[in-house]
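File shown: structure.pdb (PDB, C-alpha atoms).
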```
MODEL        1
ATOM      1  CA  MET A  19     106.648 133.397 101.787
ATOM      2  CA  SER A  20     103.805 131.504 103.354
ATOM      3  CA  TRP A  21     104.514 128.328 105.280
ATOM      4  CA  VAL A  22     100.874 127.328 105.381
ATOM      5  CA  TRP A  23     101.332 124.570 102.811
ATOM      6  CA  PHE A  24     104.187 123.144 104.857
ATOM      7  CA  HIS A  25     102.161 122.994 108.054
ATOM      8  CA  LYS A  26      99.245 121.534 106.156
ATOM      9  CA  LEU A  27     101.534 118.808 104.844
ATOM     10  CA  ALA A  28     102.413 117.839 108.404
ATOM     11  CA  SER A  29      98.732 117.406 109.281
ATOM     12  CA  PRO A  30      97.912 113.697 109.086
ATOM     13  CA  PRO A  31      94.525 113.893 107.299
ATOM     14  CA  HIS A  32      95.872 116.290 104.693
ATOM     15  CA  ALA A  33      99.030 114.269 104.053
ATOM     16  CA  TYR A  34      96.998 111.056 103.913
ATOM     17  CA  ARG A  35      94.747 112.495 101.223
ATOM     18  CA  ILE A  36      97.581 114.066  99.173
ATOM     19  CA  LEU A  37      99.620 110.827  99.267
ATOM     20  CA  GLY A  38      96.609 108.854  98.084
ATOM     21  CA  LYS A  39      96.203 111.214  95.139
ATOM     22  CA  MET A  40      99.898 111.187  94.216
ATOM     23  CA  ALA A  41     100.514 107.443  94.494
ATOM     24  CA  PRO A  42      98.952 106.357  91.153
ATOM     25  CA  TRP A  43     100.824 109.095  89.252
ATOM     26  CA  PHE A  44     104.111 107.882  90.675
ATOM     27  CA  GLY A  45     103.109 104.302  89.959
ATOM     28  CA  TRP A  46     102.193 104.706  86.299
ATOM     29  CA  THR A  47     105.208 106.941  85.565
ATOM     30  CA  ALA A  48     107.473 104.375  87.224
ATOM     31  CA  LEU A  49     105.979 101.530  85.205
ATOM     32  CA  ALA A  50     106.370 103.396  81.901
ATOM     33  CA  LEU A  51     109.968 104.461  82.602
ATOM     34  CA  ILE A  52     111.058 101.026  83.844
ATOM     35  CA  LEU A  53     109.519  99.275  80.807
ATOM     36  CA  VAL A  54     111.211 101.671  78.360
ATOM     37  CA  ALA A  55     114.560 101.365  80.168
ATOM     38  CA  THR A  56     114.353  97.552  80.263
ATOM     39  CA  TRP A  57     113.634  97.325  76.558
ATOM     40  CA  TRP A  58     116.349  99.864  75.764
ATOM     41  CA  GLY A  59     118.901  98.258  78.072
ATOM     42  CA  LEU A  60     118.293  94.690  76.923
ATOM     43  CA  VAL A  61     117.541  95.169  73.215
ATOM     44  CA  VAL A  62     118.637  98.554  71.857
ATOM     45  CA  ALA A  63     121.869  99.308  73.748
ATOM     46  CA  PRO A  64     124.967  97.786  72.104
ATOM     47  CA  ALA A  65     126.961  94.988  73.749
ATOM     48  CA  ASP A  66     130.028  96.002  75.744
ATOM     49  CA  ARG A  67     133.439  95.621  74.107
ATOM     50  CA  LEU A  68     134.868  93.713  77.079
ATOM     51  CA  GLN A  69     131.869  92.272  78.921
ATOM     52  CA  GLY A  70     129.614  91.465  75.968
ATOM     53  CA  ASP A  71     125.966  91.195  76.969
ATOM     54  CA  GLY A  72     126.909  90.469  80.580
ATOM     55  CA  TYR A  73     127.220  94.180  81.328
ATOM     56  CA  ARG A  74     123.424  94.579  80.915
ATOM     57  CA  ILE A  75     123.108  93.661  84.603
ATOM     58  CA  LEU A  76     124.277  97.260  85.095
ATOM     59  CA  TYR A  77     120.765  98.525  84.311
ATOM     60  CA  VAL A  78     119.288  96.869  87.375
ATOM     61  CA  HIS A  79     122.390  96.806  89.600
ATOM     62  CA  ALA A  80     123.394 100.481  89.534
ATOM     63  CA  PRO A  81     119.855 101.894  90.033
ATOM     64  CA  SER A  82     119.174  99.553  92.954
ATOM     65  CA  ALA A  83     122.537 100.435  94.537
ATOM     66  CA  TRP A  84     121.752 104.127  94.047
ATOM     67  CA  MET A  85     118.292 103.688  95.580
ATOM     68  CA  SER A  86     119.726 101.776  98.555
ATOM     69  CA  MET A  87     121.767 104.867  99.471
ATOM     70  CA  PHE A  88     119.168 107.448  98.442
ATOM     71  CA  THR A  89     116.513 105.773 100.607
ATOM     72  CA  TYR A  90     118.877 105.727 103.581
ATOM     73  CA  VAL A  91     119.566 109.461 103.277
ATOM     74  CA  VAL A  92     115.810 110.183 103.041
ATOM     75  CA  MET A  93     115.263 107.971 106.101
ATOM     76  CA  ALA A  94     118.019 109.698 108.114
ATOM     77  CA  VAL A  95     116.850 113.209 107.155
ATOM     78  CA  ALA A  96     113.244 112.355 108.058
ATOM     79  CA  ALA A  97     114.378 110.802 111.338
ATOM     80  CA  GLY A  98     116.455 113.908 112.110
ATOM     81  CA  ILE A  99     113.515 116.233 111.404
ATOM     82  CA  GLY A 100     111.325 114.081 113.613
ATOM     83  CA  LEU A 101     113.884 114.114 116.400
ATOM     84  CA  ILE A 102     114.605 117.862 116.335
ATOM     85  CA  TRP A 103     111.184 119.344 115.584
ATOM     86  CA  ARG A 104     109.130 116.453 116.980
ATOM     87  CA  ILE A 105     107.071 116.132 113.824
ATOM     88  CA  LYS A 106     105.149 112.880 113.981
ATOM     89  CA  ILE A 107     104.788 112.503 110.224
ATOM     90  CA  ALA A 108     108.575 112.768 109.743
ATOM     91  CA  HIS A 109     109.068 109.752 112.003
ATOM     92  CA  ALA A 110     106.345 107.968 110.056
ATOM     93  CA  ALA A 111     108.198 108.689 106.789
ATOM     94  CA  ALA A 112     111.459 107.358 108.222
ATOM     95  CA  ALA A 113     109.746 104.163 109.338
ATOM     96  CA  ALA A 114     108.180 103.751 105.897
ATOM     97  CA  CYS A 115     111.601 104.044 104.196
ATOM     98  CA  ALA A 116     113.279 101.145 105.999
ATOM     99  CA  PRO A 117     111.732  98.084 104.282
ATOM    100  CA  ILE A 118     112.029  99.737 100.852
ATOM    101  CA  GLY A 119     115.683 100.575 101.444
ATOM    102  CA  ALA A 120     116.421  97.102 102.763
ATOM    103  CA  SER A 121     114.908  95.511  99.655
ATOM    104  CA  PHE A 122     116.948  97.736  97.310
ATOM    105  CA  THR A 123     120.118  96.971  99.280
ATOM    106  CA  PHE A 124     119.430  93.254  99.006
ATOM    107  CA  LEU A 125     118.869  93.676  95.264
ATOM    108  CA  ALA A 126     122.098  95.658  94.810
ATOM    109  CA  LEU A 127     124.069  92.984  96.678
ATOM    110  CA  ALA A 128     122.412  90.086  94.843
ATOM    111  CA  THR A 129     122.728  91.515  91.317
ATOM    112  CA  GLY A 130     126.275  92.662  92.101
ATOM    113  CA  SER A 131     127.167  89.158  93.208
ATOM    114  CA  ILE A 132     125.639  87.666  90.049
ATOM    115  CA  TRP A 133     127.551  90.180  87.938
ATOM    116  CA  GLY A 134     130.769  89.519  89.853
ATOM    117  CA  LYS A 135     130.823  85.787  89.175
ATOM    118  CA  PRO A 136     131.398  85.899  85.391
ATOM    119  CA  MET A 137     133.439  89.135  85.397
ATOM    120  CA  TRP A 138     135.637  88.808  88.508
ATOM    121  CA  GLY A 139     135.444  85.032  88.872
ATOM    122  CA  THR A 140     133.924  85.229  92.352
ATOM    123  CA  TRP A 141     130.516  85.831  93.922
ATOM    124  CA  TRP A 142     131.911  87.833  96.808
ATOM    125  CA  VAL A 143     135.025  89.577  98.122
ATOM    126  CA  TRP A 144     135.365  91.265 101.489
ATOM    127  CA  ASP A 145     136.469  94.586 100.059
ATOM    128  CA  ALA A 146     135.355  98.025 101.206
ATOM    129  CA  ARG A 147     132.554  98.552  98.654
ATOM    130  CA  LEU A 148     130.849  95.206  99.189
ATOM    131  CA  THR A 149     131.362  95.170 102.947
ATOM    132  CA  SER A 150     130.015  98.703 103.460
ATOM    133  CA  GLU A 151     126.964  97.890 101.293
ATOM    134  CA  LEU A 152     126.386  94.762 103.391
ATOM    135  CA  LEU A 153     126.653  96.952 106.494
ATOM    136  CA  LEU A 154     123.923  99.148 104.974
ATOM    137  CA  LEU A 155     121.633  96.105 104.796
ATOM    138  CA  PHE A 156     122.345  95.369 108.477
ATOM    139  CA  LEU A 157     121.633  99.014 109.348
ATOM    140  CA  TYR A 158     118.202  98.771 107.716
ATOM    141  CA  LEU A 159     117.475  95.440 109.401
ATOM    142  CA  GLY A 160     118.751  96.747 112.746
ATOM    143  CA  TYR A 161     116.563  99.842 112.388
ATOM    144  CA  MET A 162     113.477  97.699 111.758
ATOM    145  CA  ALA A 163     114.309  95.282 114.597
ATOM    146  CA  LEU A 164     114.842  98.203 116.992
ATOM    147  CA  ARG A 165     111.465  99.721 116.038
ATOM    148  CA  ALA A 166     109.753  96.380 116.516
ATOM    149  CA  SER A 167     111.258  95.965 120.001
ATOM    150  CA  PHE A 168     109.280  98.907 121.443
ATOM    151  CA  ASP A 169     105.580  98.797 122.267
ATOM    152  CA  ASP A 170     105.410 102.573 122.593
ATOM    153  CA  PRO A 171     105.614 104.078 119.080
ATOM    154  CA  GLN A 172     107.038 107.376 120.372
ATOM    155  CA  ARG A 173     109.953 105.646 122.083
ATOM    156  CA  ALA A 174     110.448 103.499 118.967
ATOM    157  CA  ASP A 175     110.547 106.677 116.860
ATOM    158  CA  ARG A 176     113.182 108.351 118.998
ATOM    159  CA  ALA A 177     115.459 105.336 119.494
ATOM    160  CA  SER A 178     115.368 104.286 115.839
ATOM    161  CA  ALA A 179     115.951 107.886 114.703
ATOM    162  CA  VAL A 180     119.235 107.966 116.626
ATOM    163  CA  LEU A 181     120.329 104.737 114.946
ATOM    164  CA  ALA A 182     119.344 106.083 111.503
ATOM    165  CA  LEU A 183     121.362 109.264 112.091
ATOM    166  CA  VAL A 184     124.478 107.465 113.341
ATOM    167  CA  GLY A 185     124.338 105.037 110.412
ATOM    168  CA  VAL A 186     124.216 107.773 107.771
ATOM    169  CA  ILE A 187     128.029 108.004 108.075
ATOM    170  CA  ASN A 188     128.117 104.749 106.119
ATOM    171  CA  VAL A 189     126.598 106.322 102.979
ATOM    172  CA  PRO A 190     129.614 108.472 101.945
ATOM    173  CA  ILE A 191     131.846 105.543 102.910
ATOM    174  CA  ILE A 192     130.000 103.340 100.384
ATOM    175  CA  HIS A 193     130.236 105.995  97.694
ATOM    176  CA  PHE A 194     133.937 106.777  98.100
ATOM    177  CA  SER A 195     135.031 103.243  99.051
ATOM    178  CA  VAL A 196     136.141 102.508  95.488
ATOM    179  CA  GLU A 197     138.499 105.496  95.607
ATOM    180  CA  TRP A 198     139.808 105.139  99.141
ATOM    181  CA  TRP A 199     140.591 101.425  99.134
ATOM    182  CA  SER A 200     141.769  99.009  96.476
ATOM    183  CA  THR A 201     138.930  96.851  95.216
ATOM    184  CA  LEU A 202     137.680  94.633  92.423
ATOM    185  CA  HIS A 203     134.724  96.957  92.024
ATOM    186  CA  GLN A 204     135.041  99.412  89.179
ATOM    187  CA  PRO A 205     135.305 103.097  90.104
ATOM    188  CA  ALA A 206     132.440 105.498  89.420
ATOM    189  CA  SER A 207     131.985 105.907  85.687
ATOM    190  CA  VAL A 208     128.740 107.883  85.663
ATOM    191  CA  THR A 209     128.631 110.198  88.672
ATOM    192  CA  LYS A 210     132.169 111.533  88.423
ATOM    193  CA  LEU A 211     132.501 115.247  87.827
ATOM    194  CA  ALA A 212     134.429 115.030  84.571
ATOM    195  CA  LYS A 213     132.755 113.659  81.453
ATOM    196  CA  PRO A 214     131.164 110.259  82.136
ATOM    197  CA  SER A 215     133.184 107.467  80.566
ATOM    198  CA  VAL A 216     130.188 105.492  79.312
ATOM    199  CA  HIS A 217     128.814 105.924  75.806
ATOM    200  CA  ILE A 218     125.528 107.804  75.524
ATOM    201  CA  ASP A 219     123.667 104.803  73.976
ATOM    202  CA  MET A 220     124.526 102.823  77.077
ATOM    203  CA  LEU A 221     124.041 105.734  79.463
ATOM    204  CA  LEU A 222     120.531 106.842  78.469
ATOM    205  CA  PRO A 223     118.730 103.627  79.462
ATOM    206  CA  LEU A 224     120.586 103.779  82.785
ATOM    207  CA  PHE A 225     119.298 107.292  83.462
ATOM    208  CA  ILE A 226     115.766 106.292  82.457
ATOM    209  CA  MET A 227     115.916 103.271  84.756
ATOM    210  CA  MET A 228     117.174 105.447  87.615
ATOM    211  CA  ALA A 229     114.325 107.903  87.050
ATOM    212  CA  GLY A 230     111.911 104.962  86.950
ATOM    213  CA  PHE A 231     113.235 103.581  90.249
ATOM    214  CA  GLN A 232     112.948 107.060  91.761
ATOM    215  CA  MET A 233     109.280 107.272  90.728
ATOM    216  CA  TYR A 234     108.757 103.726  91.973
ATOM    217  CA  PHE A 235     110.138 104.808  95.364
ATOM    218  CA  GLY A 236     107.649 107.703  95.383
ATOM    219  CA  TRP A 237     104.847 105.270  94.704
ATOM    220  CA  ILE A 238     105.763 102.727  97.391
ATOM    221  CA  ILE A 239     106.606 105.353 100.032
ATOM    222  CA  SER A 240     103.213 107.040  99.457
ATOM    223  CA  ARG A 241     101.407 103.751 100.102
ATOM    224  CA  ARG A 242     103.534 102.833 103.121
ATOM    225  CA  LEU A 243     103.385 106.323 104.626
ATOM    226  CA  ARG A 244      99.577 106.278 104.497
ATOM    227  CA  GLY A 245      99.647 103.106 106.576
ATOM    228  CA  GLU A 246     102.165 104.598 109.037
ATOM    229  CA  ILE A 247     100.035 107.739 109.443
ATOM    230  CA  LEU A 248      96.980 105.671 110.308
ATOM    231  CA  ARG A 249      98.920 103.566 112.828
ATOM    232  CA  ARG A 250      99.887 106.721 114.699
ATOM    233  CA  GLU A 251      96.368 108.181 114.761
ATOM    234  CA  ARG A 252      94.522 106.844 117.758
ATOM    235  CA  ASN A 253      91.298 108.532 116.682
ATOM    236  CA  ALA A 254      91.240 108.919 112.944
ATOM    237  CA  ASN A 255      87.697 110.221 112.681
ATOM    238  CA  TRP A 256      88.714 112.032 109.517
ATOM    239  CA  LEU A 257      89.147 108.642 107.875
ATOM    240  CA  LYS A 258      85.420 108.545 107.153
ATOM    241  CA  GLU A 259      85.696 111.518 104.820
ATOM    242  CA  ALA A 260      89.061 110.556 103.324
ATOM    243  CA  ASN A 261      89.633 107.735 100.888
TER     244      ASN A 261
ATOM    245  CA  MET B  21     118.781  90.587  66.506
ATOM    246  CA  ASP B  22     116.826  87.349  66.490
ATOM    247  CA  LEU B  23     114.936  86.043  69.484
ATOM    248  CA  GLN B  24     117.284  83.153  70.181
ATOM    249  CA  SER B  25     120.385  85.305  70.473
ATOM    250  CA  PHE B  26     118.373  87.731  72.596
ATOM    251  CA  PHE B  27     117.606  85.017  75.152
ATOM    252  CA  HIS B  28     121.154  83.683  74.870
ATOM    253  CA  MET B  29     122.618  87.060  75.956
ATOM    254  CA  GLY B  30     126.019  86.271  74.455
ATOM    255  CA  GLY B  31     126.500  83.355  76.839
ATOM    256  CA  TYR B  32     125.546  85.336  79.940
ATOM    257  CA  ALA B  33     121.886  84.267  79.876
ATOM    258  CA  GLY B  34     121.870  82.716  83.366
ATOM    259  CA  PHE B  35     123.441  85.777  84.983
ATOM    260  CA  VAL B  36     121.470  88.435  83.108
ATOM    261  CA  TRP B  37     118.041  86.804  83.395
ATOM    262  CA  THR B  38     118.514  85.879  87.057
ATOM    263  CA  SER B  39     119.362  89.522  87.803
ATOM    264  CA  TYR B  40     116.319  90.852  85.950
ATOM    265  CA  GLY B  41     114.093  88.176  87.486
ATOM    266  CA  LEU B  42     115.273  89.096  91.002
ATOM    267  CA  THR B  43     114.637  92.759  90.254
ATOM    268  CA  LEU B  44     111.103  91.989  89.115
ATOM    269  CA  ALA B  45     110.547  89.927  92.262
ATOM    270  CA  VAL B  46     111.757  92.733  94.558
ATOM    271  CA  LEU B  47     109.655  95.362  92.755
ATOM    272  CA  VAL B  48     106.528  93.197  92.955
ATOM    273  CA  TRP B  49     107.215  92.323  96.613
ATOM    274  CA  ASN B  50     107.496  96.003  97.577
ATOM    275  CA  TRP B  51     104.214  96.783  95.864
ATOM    276  CA  TRP B  52     102.450  93.839  97.493
ATOM    277  CA  ALA B  53     103.889  94.493 100.990
ATOM    278  CA  ALA B  54     103.074  98.220 100.842
ATOM    279  CA  ARG B  55      99.487  97.568  99.776
ATOM    280  CA  ARG B  56      99.022  94.959 102.488
ATOM    281  CA  SER B  57     100.527  97.238 105.159
ATOM    282  CA  GLU B  58      98.248 100.101 104.073
ATOM    283  CA  ALA B  59      95.150  97.888 103.988
ATOM    284  CA  GLU B  60      95.903  96.473 107.453
ATOM    285  CA  ALA B  61      96.307  99.964 108.909
ATOM    286  CA  GLN B  62      93.018 101.048 107.286
ATOM    287  CA  THR B  63      91.122  98.081 108.723
ATOM    288  CA  ALA B  64      92.598  98.662 112.208
ATOM    289  CA  ALA B  65      91.835 102.407 112.107
ATOM    290  CA  LYS B  66      88.233 101.797 111.014
ATOM    291  CA  ARG B  67      87.840  99.249 113.817
ATOM    292  CA  ARG B  68      89.141 101.780 116.361
ATOM    293  CA  ASN B  69      86.691 104.362 115.028
ATOM    294  CA  GLU B  70      83.796 101.929 115.449
ATOM    295  CA  LEU B  71      84.867 101.034 118.988
ATOM    296  CA  ALA B  72      85.125 104.725 119.891
ATOM    297  CA  LEU B  73      81.653 105.295 118.470
ATOM    298  CA  GLU B  74      80.215 102.401 120.502
ATOM    299  CA  LYS B  75      81.670 103.856 123.704
ATOM    300  CA  THR B  76      80.096 107.269 123.158
ATOM    301  CA  THR B  77      76.608 105.909 122.423
TER     302      THR B  77
ENDMDL
END
```
Before anything else, please render the file you have as structure tokens.
Amino acid sequence: MSWVWFHKLASPPHAYRILGKMAPWFGWTALALILVATWWGLVVAPADRLQGDGYRILYVHAPSAWMSMFTYVVMAVAAGIGLIWRIKIAHAAAAACAPIGASFTFLALATGSIWGKPMWGTWWVWDARLTSELLLLFLYLGYMALRASFDDPQRADRASAVLALVGVINVPIIHFSVEWWSTLHQPASVTKLAKPSVHIDMLLPLFIMMAGFQMYFGWIISRRLRGEILRRERNANWLKEAN
Amino acid sequence: MDLQSFFHMGGYAGFVWTSYGLTLAVLVWNWWAARRSEAEAQTAAKRRNELALEKTT
């Protein structure tokens, strides 16, 4: 097996060009999937037996919560690759993940809080699921603050990578928190290994929305990573040929 | 389903529409921030290229 493509991908001009080509595909796919899922989730899917139409918050809450954790794992893996193999572009990818992840975490917390008020009777409880998700937001913010505190990008890369790797422990804690500790939050009803306990008419728009958010992440990370690549290139003469 | 009951969301209108509105805001913000960050980096890199060119000539 040839590793040429892999090494090419780590070359800044090549990656810059590829990302620029991929970005619109991600973007348009994301837009189409999110529009279909929104229409399906708000109009087509039936109301819940217990929560009525209030449960429709699920279609934005669960995908954003999923993306908040997914983005963190991508960030930690990229940071780890950058730390071990000293690949500049991996550090750039990790740095590009942080603001996206922070925004999804904020969205998961905010929509969860709005959903909690009518269903639990409270905006917030200090239980394991909510607290560990809040910790995730602080991890993202801490990561960004740490990066910003260094003038030397290489030192910023290394220090923030260590923080990203230590913080990844929080991700399984968030996922299993609803099983390990008592909570108001409902347990997993989609990702459990046995048959999911949600009806297919309600489940399909959720999967489409998750796919849409995933594509959306691909779109935004492509744009942000291009910027990060340029910031690390002191002499980007190749920029004249690229677009 | 008629339009009025659609907007009413079975009495959960405030909660449902605020959630979807926030989601829209976050998605648009990410797009805007990423584009701005990319454009800033492009301008800075082009500027550096020009400065390097001036030094050599």
* Tell me which protein, DNA and RNA residues are within 12 Å of Ser200 in chain A, counting only C-alpha atoms, leaving out same-chain ones fewer than 2 positions away, and put them as a list in words. =>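 The residues that qualify are Val143, Trp144, Asp145, Ala146, Arg147, Leu148, Phe194, Ser195, Val196, Glu197, Trp198, Leu202, His203, Gln204 and Pro205 of chain A.
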Residues of the last selection are to be written out with C-alpha atoms, as an mmCIF file, in the frame of the given file.
```cif
data_model
loop_
_atom_site.group_PDB
_atom_site.id
_atom_site.type_symbol
_atom_site.label_atom_id
_atom_site.label_comp_id
_atom_site.auth_asym_id
_atom_site.auth_seq_id
_atom_site.Cartn_x
_atom_site.Cartn_y
_atom_site.Cartn_z
ATOM 1 C CA VAL A 143 135.025 89.577 98.122
ATOM 2 C CA TRP A 144 135.365 91.265 101.489
ATOM 3 C CA ASP A 145 136.469 94.586 100.059
ATOM 4 C CA ALA A 146 135.355 98.025 101.206
ATOM 5 C CA ARG A 147 132.554 98.552 98.654
ATOM 6 C CA LEU A 148 130.849 95.206 99.189
ATOM 7 C CA PHE A 194 133.937 106.777 98.100
ATOM 8 C CA SER A 195 135.031 103.243 99.051
ATOM 9 C CA VAL A 196 136.141 102.508 95.488
ATOM 10 C CA GLU A 197 138.499 105.496 95.607
ATOM 11 C CA TRP A 198 139.808 105.139 99.141
ATOM 12 C CA LEU A 202 137.680 94.633 92.423
ATOM 13 C CA HIS A 203 134.724 96.957 92.024
ATOM 14 C CA GLN A 204 135.041 99.412 89.179
ATOM 15 C CA PRO A 205 135.305 103.097 90.104
#
```
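Applied to the file shown here, the ChimeraX specification (/B :<7) & /A selects the residues A:Gly70, A:Asp71, A:Gly72, A:Arg74, A:Ile75, A:Val78, A:Ile118, A:Ser121, A:Leu125, A:Thr129, A:Ile132, A:Trp133, A:Ile238, A:Arg241, A:Arg242, A:Arg244, A:Gly245, A:Leu248, A:Arg249, A:Asn253, A:Ala254, A:Asn255.
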* To do: I would like the residues chosen by the PyMOL selection byres ((chain A and resi 108) around 10) on the shown file; could you give them as a ChimeraX atom specification?
  => /A:28,93,95-101,103-107,109-114,175,243,247
Suppose a student applies the PyMOL selection byres ((chain A and resi 45) around 10) to this structure; what residues should they get, written as a short mmCIF file (atom, residue, chain, number, x, y, z; two decimals) with C-alpha atoms, in the frame of the given file?
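Below is the file that was written, result_11.cif:
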```cif
data_model
loop_
_atom_site.label_atom_id
_atom_site.label_comp_id
_atom_site.auth_asym_id
_atom_site.auth_seq_id
_atom_site.Cartn_x
_atom_site.Cartn_y
_atom_site.Cartn_z
CA MET A 40 99.90 111.19 94.22
CA ALA A 41 100.51 107.44 94.49
CA PRO A 42 98.95 106.36 91.15
CA TRP A 43 100.82 109.10 89.25
CA PHE A 44 104.11 107.88 90.68
CA TRP A 46 102.19 104.71 86.30
CA THR A 47 105.21 106.94 85.56
CA ALA A 48 107.47 104.38 87.22
CA LEU A 49 105.98 101.53 85.20
CA ALA A 50 106.37 103.40 81.90
CA GLY A 230 111.91 104.96 86.95
CA MET A 233 109.28 107.27 90.73
CA TYR A 234 108.76 103.73 91.97
CA PHE A 235 110.14 104.81 95.36
CA GLY A 236 107.65 107.70 95.38
CA TRP A 237 104.85 105.27 94.70
CA ILE A 238 105.76 102.73 97.39
CA SER A 240 103.21 107.04 99.46
CA TRP B 51 104.21 96.78 95.86
#
```
* To do: Using all atoms listed in the file, pick whichever of A:Leu60, A:Ala94, A:Thr123, A:Met220 has the shortest atom-to-atom distance to Leu23 in chain B.
  => A:Leu60
* To do: Compare A:Val180, A:Pro223, A:Ala174, A:Trp142 by their minimum atom-to-atom distance to Val61 in chain A, counting all atoms listed in the file, and give me the closest one.
  =>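 The shortest atom-to-atom distance to Val61 in chain A comes from A:Pro223.
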* Suppose you want the space between CA of Arg250 in chain A and CA of Arg176 in chain A; what is it in Å? ->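 If I compute the distance from CA of Arg250 in chain A to CA of Arg176 in chain A, I get 14.1 Å.
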* To do: Calculate how many Å separate CA of Gly130 in chain A from CA of Asn188 in chain A, rounding to one decimal.
  => 18.6 Å
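The interatomic distance for the pair CA of Phe225 in chain A and CA of Ile191 in chain A works out to 23.2 Å.
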